[in-house]
Amino acid sequence: MEGIMENWNKLKEILAQVLQIDPSEITEESSPDTIPNWDSFNGLMLVTELEKTFHVKFTMDEIIAVKTVKDIREALQQHGVDKI
Amino acid sequence: METMERNKLKIALVSSFTLDNFSKVLVNSCSRENLSIEMKYRTSYNLGVPELANIASDISAFNPQILFFFIDLKTFIPHHLRILWKSKEEKENIINEKAAFLKELAQMFVKSHPNTIIVIHNFEVPSYSPLGILDNKEDLGMKTIVRELNHQLEKQFKNEKSIFVFDYDAFLSAHGKKNSCDQRLHYIADMKLHSELFPFLADEYLSYIKALAAKPRKCIVLDLDNTLWGGIIGEDGFDKIKLGPTPPGNAFVEFQEVLLSLFHRGIILAVNSKNNPEDVLQVLRDHPHMVLREQHFSALRINWQDKAANIKEIADELNIGTDSMVFIDDDKHNCLLVKSALPEVLTILLPDDPSLYVETLTQLNEFNTFQLTEEDALRSKSYAEERQRRKLREQFSDAHDFLRNLHMKATIKQADNFTIPRISQLTNRTNQFNLTTRRYSEADISQFHNDPAYYVCSIQAEDKLGDSGIVGAAIMKYGHDSAVIDTFLMSCRVLGRQIETVLLHHLLEQAKSSGVTQVIGEYIPTTKNAQTKDFYKDHGFSFHRDEQSSSLWHLDLTEYAASCPDFIEIITEQDAIGQEERKK
């Protein structure tokens, strides 16, 4: 069991920390529209934190395109992050 | 410490791009240093005049103590790559216009806020030029254009006492220009500086903020073994300590070089070491690779008592506060001890690796002041000479014989443009031997100097051991038939040599030759100047009367019999024209 969703949990932790919300509030559909703290500045903080944690580097287009948690998940998968 | 906690410092930042988060980092960095600041932050995206005027009035209402301008090259010179292809003349015009724009901007603030310190970033010299390896063959290549602009900024503000240029280009170089900007965030969010550099930039800003808020540190107390040299002199011996041109000794030589440069800036050096004095003195005097020698140290504590006690003794001996001292040691226990016994001392524990010593020292931003007078630079030298005087004093049983042996020379000079800054500084810094403790700005002193009703002078002291610089000053105000000594002060490190008597004698002679017959000396008691209570009495004045907060002492010049020590050679330099004016 442990390990299958390991990175998904990590992602939720980062989101919760940066956006200062409870991890249980986060779903795939969460976006700046549903989480008030998710402003453009925190959005960039997210980029930095995700890159540090998952050892990836997003392109400018990816950063611009990401709108929801689902988008983040897919972008991470694109960069080879599994168990997410 | 107290003042730091009481007063919130007002700091303003105007930038040409978004830096909200940097202001937060700066506030945090300040609070780590026990400095509480109130921050006002504004962005001018296009540096347009109406926008700036708006910001100016905003900032004006805030009335900051320091105002930082962080303007980036791309905003300041849009399309800078296109400028390269203009004629030399056009390029020069652009550089001049841009420099003039910043001059006007700064001066606009200075005029309305004479007490605000303004700090302007210079500009990042681009790493890229389309001319490639030929860039510096051009009269004004891409890099030269920006360097020239930076050079002009420095030039035009060189003599402005409240405008400072922050070398942002050097800051970026030190941290690596390539990594100073995340290009994705630059394009997406206009972030022109990587947020990882924010704490480092905040440190740079702190250099200015500390110069304003905290007392500058003026003395470095040094351990010796494994600090100034590798190894332990008492165990390894003179020939075996690591100090010299080969590694690891070269790291210690380099460390001493930086300390020597701080000495030349005026930072006092002292030794605090657990050792036998003979072993250490042999190294200080005879080791071929020592950079620092006996004459660079103002106090030596080489003994086996605890290091905190030594530091207190050094502070007493030099008559400086322990809160102006930095203590550097490689030993954790010594550092802990000093930290807990004397928390006001800045204690620096050296890293294990001596190759990091220099960096540890050069990172300190504790010695900054907004002005450096000639006397500041002389300070460390004269404190070191003072130690030799104390040593000499011990050789004489009679104080007069000692003073005679010093071959003292005092030069008394009517105030002029060169001495006015120092006179003002003395009125602001001297607490102990200061009869009235009146604080005067440079502008105040200039005003007295230009007013024929006043006489302002300074005294400079030297002897066979060295030049102490300007150590005392006096201000006298002429009335109808009398003169009042408004200010009379002396730096405490020259006391006990009767230089104060020479200065007073000069004032009295001066009053006499100006035709007045009565002199009034004022004494305003403070918690610190008790030692001057009987100064006028001891010099033949009689008690006149008490005023609200002062007592007045009186001398009838017609009955004054000159008494001046004969072992001090006195040189007076007068402003002859001023003298004539006064007689009329």
# chains A, B, ... in the order shown; residues from 1 in each chain; ligands from 1
>>> interface_residues(of="chain B", to="chain A", cutoff="8 Å", atoms="only C-alpha atoms", output="ChimeraX atom specification")
/B:184-185,188
>>> residues_around(residues="Asn42 of chain A", least_positions_apart="5", cutoff="10 Å", atoms="only C-alpha atoms", output="MDAnalysis selection string")
chainID A and resid 15 18:19 32 37 47:48
>>> residues_around(residues="Arg82 of chain B", least_positions_apart="2", cutoff="12 Å", atoms="only C-alpha atoms", output="number ranges by chain")
B: 74, 77-80, 84-87, 90-91, 129-130, 141-142, 145
>>> residues_around(residues="Gln295 of chain B", least_positions_apart="4", cutoff="9 Å", atoms="only C-alpha atoms", output="list in words")
Lys381, Ala384, Glu385, Arg387 and Gln388 of chain B
>>> write_last_selection(atoms="N, CA, C and O atoms", output="mmCIF file, in the first residue's frame")
data_model
loop_
_atom_site.group_PDB
_atom_site.id
_atom_site.type_symbol
_atom_site.label_atom_id
_atom_site.label_comp_id
_atom_site.auth_asym_id
_atom_site.auth_seq_id
_atom_site.Cartn_x
_atom_site.Cartn_y
_atom_site.Cartn_z
ATOM 1 N N LYS B 381 45.772 53.359 14.740
ATOM 2 C CA LYS B 381 47.190 53.627 14.885
ATOM 3 C C LYS B 381 47.433 54.348 16.217
ATOM 4 O O LYS B 381 48.330 54.000 16.964
ATOM 5 N N ALA B 384 47.150 52.135 19.207
ATOM 6 C CA ALA B 384 48.319 51.274 19.335
ATOM 7 C C ALA B 384 49.496 52.065 19.902
ATOM 8 O O ALA B 384 50.249 51.563 20.737
ATOM 9 N N GLU B 385 49.619 53.329 19.462
ATOM 10 C CA GLU B 385 50.691 54.177 20.000
ATOM 11 C C GLU B 385 50.458 54.448 21.487
ATOM 12 O O GLU B 385 51.384 54.551 22.281
ATOM 13 N N ARG B 387 49.252 52.475 23.611
ATOM 14 C CA ARG B 387 49.751 51.353 24.407
ATOM 15 C C ARG B 387 51.244 51.539 24.691
ATOM 16 O O ARG B 387 51.716 51.297 25.793
ATOM 17 N N GLN B 388 51.975 52.025 23.678
ATOM 18 C CA GLN B 388 53.408 52.250 23.877
ATOM 19 C C GLN B 388 53.651 53.383 24.875
ATOM 20 O O GLN B 388 54.596 53.341 25.643
#
>>> select_by_dssp(residues="segment 90-145 of chain B", states="alpha helix (DSSP H)", output="JSON, numbers by chain")
{"B": [90, 91, 92, 93, 94, 95, 96, 97, 98, 99, 100, 101, 102, 103, 104, 105, 106, 107, 108, 109, 110, 111, 112, 142, 143, 144, 145]}
>>> write_last_selection(atoms="N, CA and C atoms", output="PDB file, in the first residue's frame")
ATOM      1  N   GLU B  90      25.831  60.010 -29.669  1.00  0.00           N
ATOM      2  CA  GLU B  90      24.480  59.692 -29.169  1.00  0.00           C
ATOM      3  C   GLU B  90      24.556  58.833 -27.909  1.00  0.00           C
ATOM      4  N   LYS B  91      25.486  57.885 -27.911  1.00  0.00           N
ATOM      5  CA  LYS B  91      25.630  57.011 -26.743  1.00  0.00           C
ATOM      6  C   LYS B  91      26.025  57.840 -25.526  1.00  0.00           C
ATOM      7  N   GLU B  92      26.967  58.774 -25.746  1.00  0.00           N
ATOM      8  CA  GLU B  92      27.390  59.616 -24.631  1.00  0.00           C
ATOM      9  C   GLU B  92      26.227  60.434 -24.096  1.00  0.00           C
ATOM     10  N   ASN B  93      25.419  60.938 -25.042  1.00  0.00           N
ATOM     11  CA  ASN B  93      24.253  61.726 -24.609  1.00  0.00           C
ATOM     12  C   ASN B  93      23.309  60.899 -23.750  1.00  0.00           C
ATOM     13  N   ILE B  94      23.100  59.657 -24.184  1.00  0.00           N
ATOM     14  CA  ILE B  94      22.184  58.799 -23.418  1.00  0.00           C
ATOM     15  C   ILE B  94      22.724  58.560 -22.012  1.00  0.00           C
ATOM     16  N   ILE B  95      24.023  58.246 -21.930  1.00  0.00           N
ATOM     17  CA  ILE B  95      24.626  58.013 -20.612  1.00  0.00           C
ATOM     18  C   ILE B  95      24.462  59.256 -19.735  1.00  0.00           C
ATOM     19  N   ASN B  96      24.759  60.412 -20.308  1.00  0.00           N
ATOM     20  CA  ASN B  96      24.656  61.651 -19.527  1.00  0.00           C
ATOM     21  C   ASN B  96      23.229  61.920 -19.076  1.00  0.00           C
ATOM     22  N   GLU B  97      22.284  61.707 -20.009  1.00  0.00           N
ATOM     23  CA  GLU B  97      20.875  61.945 -19.664  1.00  0.00           C
ATOM     24  C   GLU B  97      20.421  61.025 -18.541  1.00  0.00           C
ATOM     25  N   LYS B  98      20.808  59.760 -18.650  1.00  0.00           N
ATOM     26  CA  LYS B  98      20.374  58.789 -17.652  1.00  0.00           C
ATOM     27  C   LYS B  98      20.969  59.123 -16.285  1.00  0.00           C
ATOM     28  N   ALA B  99      22.249  59.477 -16.273  1.00  0.00           N
ATOM     29  CA  ALA B  99      22.889  59.838 -15.001  1.00  0.00           C
ATOM     30  C   ALA B  99      22.223  61.087 -14.422  1.00  0.00           C
ATOM     31  N   ALA B 100      21.906  62.030 -15.303  1.00  0.00           N
ATOM     32  CA  ALA B 100      21.287  63.277 -14.834  1.00  0.00           C
ATOM     33  C   ALA B 100      19.897  63.015 -14.264  1.00  0.00           C
ATOM     34  N   PHE B 101      19.182  62.077 -14.891  1.00  0.00           N
ATOM     35  CA  PHE B 101      17.842  61.732 -14.407  1.00  0.00           C
ATOM     36  C   PHE B 101      17.919  61.243 -12.954  1.00  0.00           C
ATOM     37  N   LEU B 102      18.889  60.368 -12.683  1.00  0.00           N
ATOM     38  CA  LEU B 102      19.014  59.844 -11.320  1.00  0.00           C
ATOM     39  C   LEU B 102      19.480  60.915 -10.348  1.00  0.00           C
ATOM     40  N   LYS B 103      20.298  61.826 -10.859  1.00  0.00           N
ATOM     41  CA  LYS B 103      20.768  62.912 -10.017  1.00  0.00           C
ATOM     42  C   LYS B 103      19.581  63.776  -9.582  1.00  0.00           C
ATOM     43  N   GLU B 104      18.741  64.105 -10.570  1.00  0.00           N
ATOM     44  CA  GLU B 104      17.568  64.928 -10.249  1.00  0.00           C
ATOM     45  C   GLU B 104      16.640  64.210  -9.282  1.00  0.00           C
ATOM     46  N   LEU B 105      16.443  62.920  -9.558  1.00  0.00           N
ATOM     47  CA  LEU B 105      15.561  62.126  -8.712  1.00  0.00           C
ATOM     48  C   LEU B 105      16.060  62.148  -7.260  1.00  0.00           C
ATOM     49  N   ALA B 106      17.356  61.888  -7.093  1.00  0.00           N
ATOM     50  CA  ALA B 106      17.922  61.852  -5.734  1.00  0.00           C
ATOM     51  C   ALA B 106      17.851  63.224  -5.090  1.00  0.00           C
ATOM     52  N   GLN B 107      18.203  64.236  -5.866  1.00  0.00           N
ATOM     53  CA  GLN B 107      18.246  65.566  -5.271  1.00  0.00           C
ATOM     54  C   GLN B 107      16.869  66.090  -4.903  1.00  0.00           C
ATOM     55  N   MET B 108      15.874  65.638  -5.660  1.00  0.00           N
ATOM     56  CA  MET B 108      14.507  66.020  -5.325  1.00  0.00           C
ATOM     57  C   MET B 108      14.178  65.549  -3.904  1.00  0.00           C
ATOM     58  N   PHE B 109      14.608  64.338  -3.574  1.00  0.00           N
ATOM     59  CA  PHE B 109      14.341  63.815  -2.231  1.00  0.00           C
ATOM     60  C   PHE B 109      15.229  64.485  -1.185  1.00  0.00           C
ATOM     61  N   VAL B 110      16.486  64.687  -1.550  1.00  0.00           N
ATOM     62  CA  VAL B 110      17.413  65.288  -0.584  1.00  0.00           C
ATOM     63  C   VAL B 110      16.922  66.672  -0.176  1.00  0.00           C
ATOM     64  N   LYS B 111      16.434  67.421  -1.153  1.00  0.00           N
ATOM     65  CA  LYS B 111      16.000  68.782  -0.864  1.00  0.00           C
ATOM     66  C   LYS B 111      14.859  68.780   0.150  1.00  0.00           C
ATOM     67  N   SER B 112      13.881  67.921  -0.079  1.00  0.00           N
ATOM     68  CA  SER B 112      12.734  67.943   0.830  1.00  0.00           C
ATOM     69  C   SER B 112      13.003  67.123   2.100  1.00  0.00           C
ATOM     70  N   MET B 142      28.971  47.508 -25.532  1.00  0.00           N
ATOM     71  CA  MET B 142      27.795  47.266 -24.691  1.00  0.00           C
ATOM     72  C   MET B 142      28.148  47.343 -23.204  1.00  0.00           C
ATOM     73  N   LYS B 143      29.225  46.681 -22.840  1.00  0.00           N
ATOM     74  CA  LYS B 143      29.595  46.651 -21.422  1.00  0.00           C
ATOM     75  C   LYS B 143      30.120  48.003 -20.955  1.00  0.00           C
ATOM     76  N   THR B 144      30.888  48.653 -21.841  1.00  0.00           N
ATOM     77  CA  THR B 144      31.454  49.952 -21.459  1.00  0.00           C
ATOM     78  C   THR B 144      30.355  50.982 -21.243  1.00  0.00           C
ATOM     79  N   ILE B 145      29.286  50.893 -22.028  1.00  0.00           N
ATOM     80  CA  ILE B 145      28.189  51.849 -21.862  1.00  0.00           C
ATOM     81  C   ILE B 145      27.668  51.790 -20.425  1.00  0.00           C
TER      82      ILE B 145
END
>>> residues_around(residues="Ala415 of chain B", least_positions_apart="3", cutoff="10 Å", atoms="only C-alpha atoms", output="PyMOL selection string")
chain B and resi 412+418-423+445-446+448-450+455-459+473-475+573-575
>>> write_last_selection(atoms="N, CA, C and O atoms", output="mmCIF file, in the first residue's frame")
data_model
loop_
_atom_site.group_PDB
_atom_site.id
_atom_site.type_symbol
_atom_site.label_atom_id
_atom_site.label_comp_id
_atom_site.auth_asym_id
_atom_site.auth_seq_id
_atom_site.Cartn_x
_atom_site.Cartn_y
_atom_site.Cartn_z
ATOM 1 N N ILE B 412 47.145 74.318 17.280
ATOM 2 C CA ILE B 412 45.805 74.882 17.446
ATOM 3 C C ILE B 412 45.453 75.635 16.176
ATOM 4 O O ILE B 412 46.242 76.421 15.658
ATOM 5 N N PHE B 418 38.408 71.957 6.401
ATOM 6 C CA PHE B 418 38.979 70.635 6.622
ATOM 7 C C PHE B 418 38.693 70.127 8.031
ATOM 8 O O PHE B 418 38.554 68.941 8.251
ATOM 9 N N THR B 419 38.637 71.059 8.988
ATOM 10 C CA THR B 419 38.479 70.610 10.376
ATOM 11 C C THR B 419 37.033 70.629 10.855
ATOM 12 O O THR B 419 36.712 69.993 11.849
ATOM 13 N N ILE B 420 36.157 71.331 10.149
ATOM 14 C CA ILE B 420 34.757 71.437 10.598
ATOM 15 C C ILE B 420 34.079 70.071 10.781
ATOM 16 O O ILE B 420 33.442 69.835 11.798
ATOM 17 N N PRO B 421 34.241 69.120 9.825
ATOM 18 C CA PRO B 421 33.582 67.817 10.047
ATOM 19 C C PRO B 421 34.057 67.141 11.335
ATOM 20 O O PRO B 421 33.264 66.570 12.082
ATOM 21 N N ARG B 422 35.339 67.215 11.600
ATOM 22 C CA ARG B 422 35.878 66.570 12.789
ATOM 23 C C ARG B 422 35.398 67.283 14.060
ATOM 24 O O ARG B 422 35.085 66.635 15.066
ATOM 25 N N ILE B 423 35.327 68.620 14.018
ATOM 26 C CA ILE B 423 34.865 69.356 15.203
ATOM 27 C C ILE B 423 33.426 68.952 15.511
ATOM 28 O O ILE B 423 33.070 68.667 16.654
ATOM 29 N N ILE B 445 28.463 74.249 13.026
ATOM 30 C CA ILE B 445 29.851 74.687 13.220
ATOM 31 C C ILE B 445 30.239 75.700 12.144
ATOM 32 O O ILE B 445 30.854 76.727 12.432
ATOM 33 N N SER B 446 29.821 75.426 10.896
ATOM 34 C CA SER B 446 30.122 76.366 9.807
ATOM 35 C C SER B 446 29.531 77.728 10.119
ATOM 36 O O SER B 446 30.147 78.764 9.888
ATOM 37 N N PHE B 448 28.812 79.059 13.057
ATOM 38 C CA PHE B 448 29.612 79.735 14.093
ATOM 39 C C PHE B 448 30.876 80.297 13.476
ATOM 40 O O PHE B 448 31.288 81.409 13.755
ATOM 41 N N HIS B 449 31.488 79.489 12.638
ATOM 42 C CA HIS B 449 32.761 79.870 12.051
ATOM 43 C C HIS B 449 32.622 81.146 11.218
ATOM 44 O O HIS B 449 33.503 82.003 11.199
ATOM 45 N N ASN B 450 31.478 81.264 10.538
ATOM 46 C CA ASN B 450 31.288 82.434 9.679
ATOM 47 C C ASN B 450 30.765 83.652 10.434
ATOM 48 O O ASN B 450 30.655 84.726 9.873
ATOM 49 N N TYR B 455 34.314 82.329 18.025
ATOM 50 C CA TYR B 455 35.642 81.826 17.692
ATOM 51 C C TYR B 455 35.618 80.307 17.870
ATOM 52 O O TYR B 455 35.263 79.802 18.937
ATOM 53 N N VAL B 456 35.936 79.582 16.795
ATOM 54 C CA VAL B 456 35.915 78.119 16.840
ATOM 55 C C VAL B 456 37.315 77.612 16.522
ATOM 56 O O VAL B 456 37.916 78.044 15.532
ATOM 57 N N CYS B 457 37.831 76.711 17.352
ATOM 58 C CA CYS B 457 39.153 76.179 17.043
ATOM 59 C C CYS B 457 39.270 74.719 17.456
ATOM 60 O O CYS B 457 38.434 74.192 18.193
ATOM 61 N N SER B 458 40.294 74.082 16.921
ATOM 62 C CA SER B 458 40.547 72.682 17.259
ATOM 63 C C SER B 458 41.998 72.543 17.661
ATOM 64 O O SER B 458 42.827 73.405 17.350
ATOM 65 N N ILE B 459 42.302 71.468 18.355
ATOM 66 C CA ILE B 459 43.696 71.226 18.747
ATOM 67 C C ILE B 459 44.094 69.826 18.307
ATOM 68 O O ILE B 459 43.336 68.870 18.469
ATOM 69 N N ALA B 473 38.393 70.504 20.899
ATOM 70 C CA ALA B 473 37.826 71.656 20.204
ATOM 71 C C ALA B 473 37.192 72.595 21.218
ATOM 72 O O ALA B 473 36.844 72.189 22.333
ATOM 73 N N ALA B 474 37.066 73.845 20.815
ATOM 74 C CA ALA B 474 36.424 74.823 21.696
ATOM 75 C C ALA B 474 35.670 75.835 20.855
ATOM 76 O O ALA B 474 36.037 76.111 19.709
ATOM 77 N N ILE B 475 34.587 76.341 21.432
ATOM 78 C CA ILE B 475 33.804 77.391 20.779
ATOM 79 C C ILE B 475 33.608 78.509 21.803
ATOM 80 O O ILE B 475 33.178 78.254 22.936
ATOM 81 N N GLU B 573 47.744 78.280 14.261
ATOM 82 C CA GLU B 573 47.490 78.691 12.875
ATOM 83 C C GLU B 573 46.216 79.491 12.866
ATOM 84 O O GLU B 573 45.147 78.969 13.152
ATOM 85 N N GLN B 574 46.335 80.761 12.565
ATOM 86 C CA GLN B 574 45.176 81.647 12.656
ATOM 87 C C GLN B 574 44.635 82.018 11.302
ATOM 88 O O GLN B 574 45.359 82.092 10.326
ATOM 89 N N ASP B 575 43.378 82.309 11.320
ATOM 90 C CA ASP B 575 42.723 82.880 10.153
ATOM 91 C C ASP B 575 42.811 84.389 10.347
ATOM 92 O O ASP B 575 42.036 84.987 11.073
#
>>> closest_residue(among="B:Leu435, B:Asn28, B:Ser15, B:Gln395", to="Tyr41 of chain B", atoms="only C-alpha atoms")
B:Ser15
>>> residues_around(residues="Arg42 of chain B", least_positions_apart="4", cutoff="10 Å", atoms="only C-alpha atoms", output="count of residues only")
15
>>> residues_around(residues="Leu76 of chain A", least_positions_apart="3", cutoff="12 Å", atoms="only C-alpha atoms", output="list of chain:residue names")
A:Asn7, A:Trp8, A:Lys10, A:Leu11, A:Val47, A:Leu50, A:Glu51, A:Thr53, A:Phe54, A:His55, A:Val56, A:Lys57, A:Phe58, A:Thr59, A:Glu62, A:Ile63, A:Val66, A:Val69, A:Lys70, A:Asp71, A:Ile72, A:Arg73, A:His79, A:Gly80, A:Val81, A:Asp82, A:Lys83, A:Ile84
>>> write_last_selection(atoms="N, CA and C atoms", output="PDB file, in the first residue's frame")
ATOM      1  N   ASN A   7       3.956   9.957  -3.938  1.00  0.00           N
ATOM      2  CA  ASN A   7       4.219  11.280  -4.492  1.00  0.00           C
ATOM      3  C   ASN A   7       2.966  12.159  -4.551  1.00  0.00           C
ATOM      4  N   TRP A   8       1.834  11.510  -4.688  1.00  0.00           N
ATOM      5  CA  TRP A   8       0.569  12.262  -4.649  1.00  0.00           C
ATOM      6  C   TRP A   8       0.410  12.924  -3.272  1.00  0.00           C
ATOM      7  N   LYS A  10       2.893  13.651  -1.273  1.00  0.00           N
ATOM      8  CA  LYS A  10       3.916  14.703  -1.206  1.00  0.00           C
ATOM      9  C   LYS A  10       3.394  15.979  -1.855  1.00  0.00           C
ATOM     10  N   LEU A  11       2.772  15.806  -3.018  1.00  0.00           N
ATOM     11  CA  LEU A  11       2.236  16.957  -3.753  1.00  0.00           C
ATOM     12  C   LEU A  11       1.203  17.691  -2.910  1.00  0.00           C
ATOM     13  N   VAL A  47       5.822  26.514  -7.809  1.00  0.00           N
ATOM     14  CA  VAL A  47       6.769  26.047  -8.824  1.00  0.00           C
ATOM     15  C   VAL A  47       8.109  25.735  -8.174  1.00  0.00           C
ATOM     16  N   LEU A  50       7.890  22.636  -5.803  1.00  0.00           N
ATOM     17  CA  LEU A  50       7.729  21.380  -6.540  1.00  0.00           C
ATOM     18  C   LEU A  50       9.035  20.977  -7.214  1.00  0.00           C
ATOM     19  N   GLU A  51       9.706  21.966  -7.790  1.00  0.00           N
ATOM     20  CA  GLU A  51      10.954  21.656  -8.492  1.00  0.00           C
ATOM     21  C   GLU A  51      12.000  21.132  -7.519  1.00  0.00           C
ATOM     22  N   THR A  53      11.425  19.622  -4.597  1.00  0.00           N
ATOM     23  CA  THR A  53      11.051  18.325  -4.025  1.00  0.00           C
ATOM     24  C   THR A  53      11.202  17.196  -5.031  1.00  0.00           C
ATOM     25  N   PHE A  54      10.748  17.432  -6.256  1.00  0.00           N
ATOM     26  CA  PHE A  54      10.728  16.337  -7.243  1.00  0.00           C
ATOM     27  C   PHE A  54      11.927  16.357  -8.198  1.00  0.00           C
ATOM     28  N   HIS A  55      12.833  17.293  -7.964  1.00  0.00           N
ATOM     29  CA  HIS A  55      14.030  17.390  -8.815  1.00  0.00           C
ATOM     30  C   HIS A  55      13.660  17.453 -10.292  1.00  0.00           C
ATOM     31  N   VAL A  56      12.774  18.365 -10.621  1.00  0.00           N
ATOM     32  CA  VAL A  56      12.397  18.563 -12.024  1.00  0.00           C
ATOM     33  C   VAL A  56      12.539  20.044 -12.345  1.00  0.00           C
ATOM     34  N   LYS A  57      12.477  20.368 -13.609  1.00  0.00           N
ATOM     35  CA  LYS A  57      12.474  21.771 -14.007  1.00  0.00           C
ATOM     36  C   LYS A  57      11.399  21.957 -15.066  1.00  0.00           C
ATOM     37  N   PHE A  58      10.410  22.764 -14.744  1.00  0.00           N
ATOM     38  CA  PHE A  58       9.314  23.015 -15.687  1.00  0.00           C
ATOM     39  C   PHE A  58       9.750  24.034 -16.724  1.00  0.00           C
ATOM     40  N   THR A  59       9.121  23.953 -17.892  1.00  0.00           N
ATOM     41  CA  THR A  59       9.384  24.987 -18.888  1.00  0.00           C
ATOM     42  C   THR A  59       8.429  26.147 -18.642  1.00  0.00           C
ATOM     43  N   GLU A  62       4.834  25.281 -19.516  1.00  0.00           N
ATOM     44  CA  GLU A  62       4.157  24.465 -18.507  1.00  0.00           C
ATOM     45  C   GLU A  62       3.665  25.323 -17.347  1.00  0.00           C
ATOM     46  N   ILE A  63       4.523  26.247 -16.916  1.00  0.00           N
ATOM     47  CA  ILE A  63       4.127  27.093 -15.782  1.00  0.00           C
ATOM     48  C   ILE A  63       2.903  27.922 -16.154  1.00  0.00           C
ATOM     49  N   VAL A  66      -0.459  25.535 -16.489  1.00  0.00           N
ATOM     50  CA  VAL A  66      -1.055  24.867 -15.319  1.00  0.00           C
ATOM     51  C   VAL A  66      -2.177  25.701 -14.714  1.00  0.00           C
ATOM     52  N   VAL A  69      -4.891  21.386  -9.955  1.00  0.00           N
ATOM     53  CA  VAL A  69      -4.019  20.376  -9.368  1.00  0.00           C
ATOM     54  C   VAL A  69      -3.809  19.230 -10.352  1.00  0.00           C
ATOM     55  N   LYS A  70      -4.854  18.919 -11.097  1.00  0.00           N
ATOM     56  CA  LYS A  70      -4.749  17.859 -12.104  1.00  0.00           C
ATOM     57  C   LYS A  70      -3.649  18.202 -13.126  1.00  0.00           C
ATOM     58  N   ASP A  71      -3.605  19.488 -13.517  1.00  0.00           N
ATOM     59  CA  ASP A  71      -2.569  19.912 -14.465  1.00  0.00           C
ATOM     60  C   ASP A  71      -1.168  19.710 -13.880  1.00  0.00           C
ATOM     61  N   ILE A  72      -1.047  20.027 -12.601  1.00  0.00           N
ATOM     62  CA  ILE A  72       0.261  19.865 -11.953  1.00  0.00           C
ATOM     63  C   ILE A  72       0.664  18.398 -11.994  1.00  0.00           C
ATOM     64  N   ARG A  73      -0.314  17.546 -11.658  1.00  0.00           N
ATOM     65  CA  ARG A  73      -0.071  16.116 -11.616  1.00  0.00           C
ATOM     66  C   ARG A  73       0.405  15.607 -12.980  1.00  0.00           C
ATOM     67  N   HIS A  79       7.301  14.754 -16.572  1.00  0.00           N
ATOM     68  CA  HIS A  79       8.721  14.827 -16.210  1.00  0.00           C
ATOM     69  C   HIS A  79       9.205  13.538 -15.555  1.00  0.00           C
ATOM     70  N   GLY A  80       8.383  12.501 -15.632  1.00  0.00           N
ATOM     71  CA  GLY A  80       8.847  11.194 -15.164  1.00  0.00           C
ATOM     72  C   GLY A  80       8.605  10.917 -13.696  1.00  0.00           C
ATOM     73  N   VAL A  81       7.797  11.748 -13.044  1.00  0.00           N
ATOM     74  CA  VAL A  81       7.485  11.459 -11.641  1.00  0.00           C
ATOM     75  C   VAL A  81       6.359  10.431 -11.603  1.00  0.00           C
ATOM     76  N   ASP A  82       6.616   9.266 -10.975  1.00  0.00           N
ATOM     77  CA  ASP A  82       5.545   8.255 -10.907  1.00  0.00           C
ATOM     78  C   ASP A  82       4.952   8.191  -9.503  1.00  0.00           C
ATOM     79  N   LYS A  83       4.124   7.228  -9.289  1.00  0.00           N
ATOM     80  CA  LYS A  83       3.423   7.075  -8.004  1.00  0.00           C
ATOM     81  C   LYS A  83       2.682   8.357  -7.645  1.00  0.00           C
ATOM     82  N   ILE A  84       2.073   8.946  -8.647  1.00  0.00           N
ATOM     83  CA  ILE A  84       1.382  10.199  -8.383  1.00  0.00           C
ATOM     84  C   ILE A  84      -0.018  10.167  -8.973  1.00  0.00           C
TER      85      ILE A  84
END
>>> select_by_dssp(residues="segment 234-360 of chain B", states="strand (DSSP E or B)", output="list in words")
Lys242, Ile268, Leu269, Ala270, Val271, Asn272, Ser273, Lys274, Phe297, Ser298, Ala299, Leu300, Arg301, Ile302, Asn303, Met325, Val326, Phe327, Ile328, Asp329, Leu346, Thr347, Ile348 and Leu349 of chain B
>>> atom_distance(atom1="atom CA of Lys240 of chain B", atom2="atom CA of Phe263 of chain B")
27.0 Å
>>> atom_distance(atom1="atom CA of Ala251 of chain B", atom2="atom CA of Cys335 of chain B")
21.6 Å
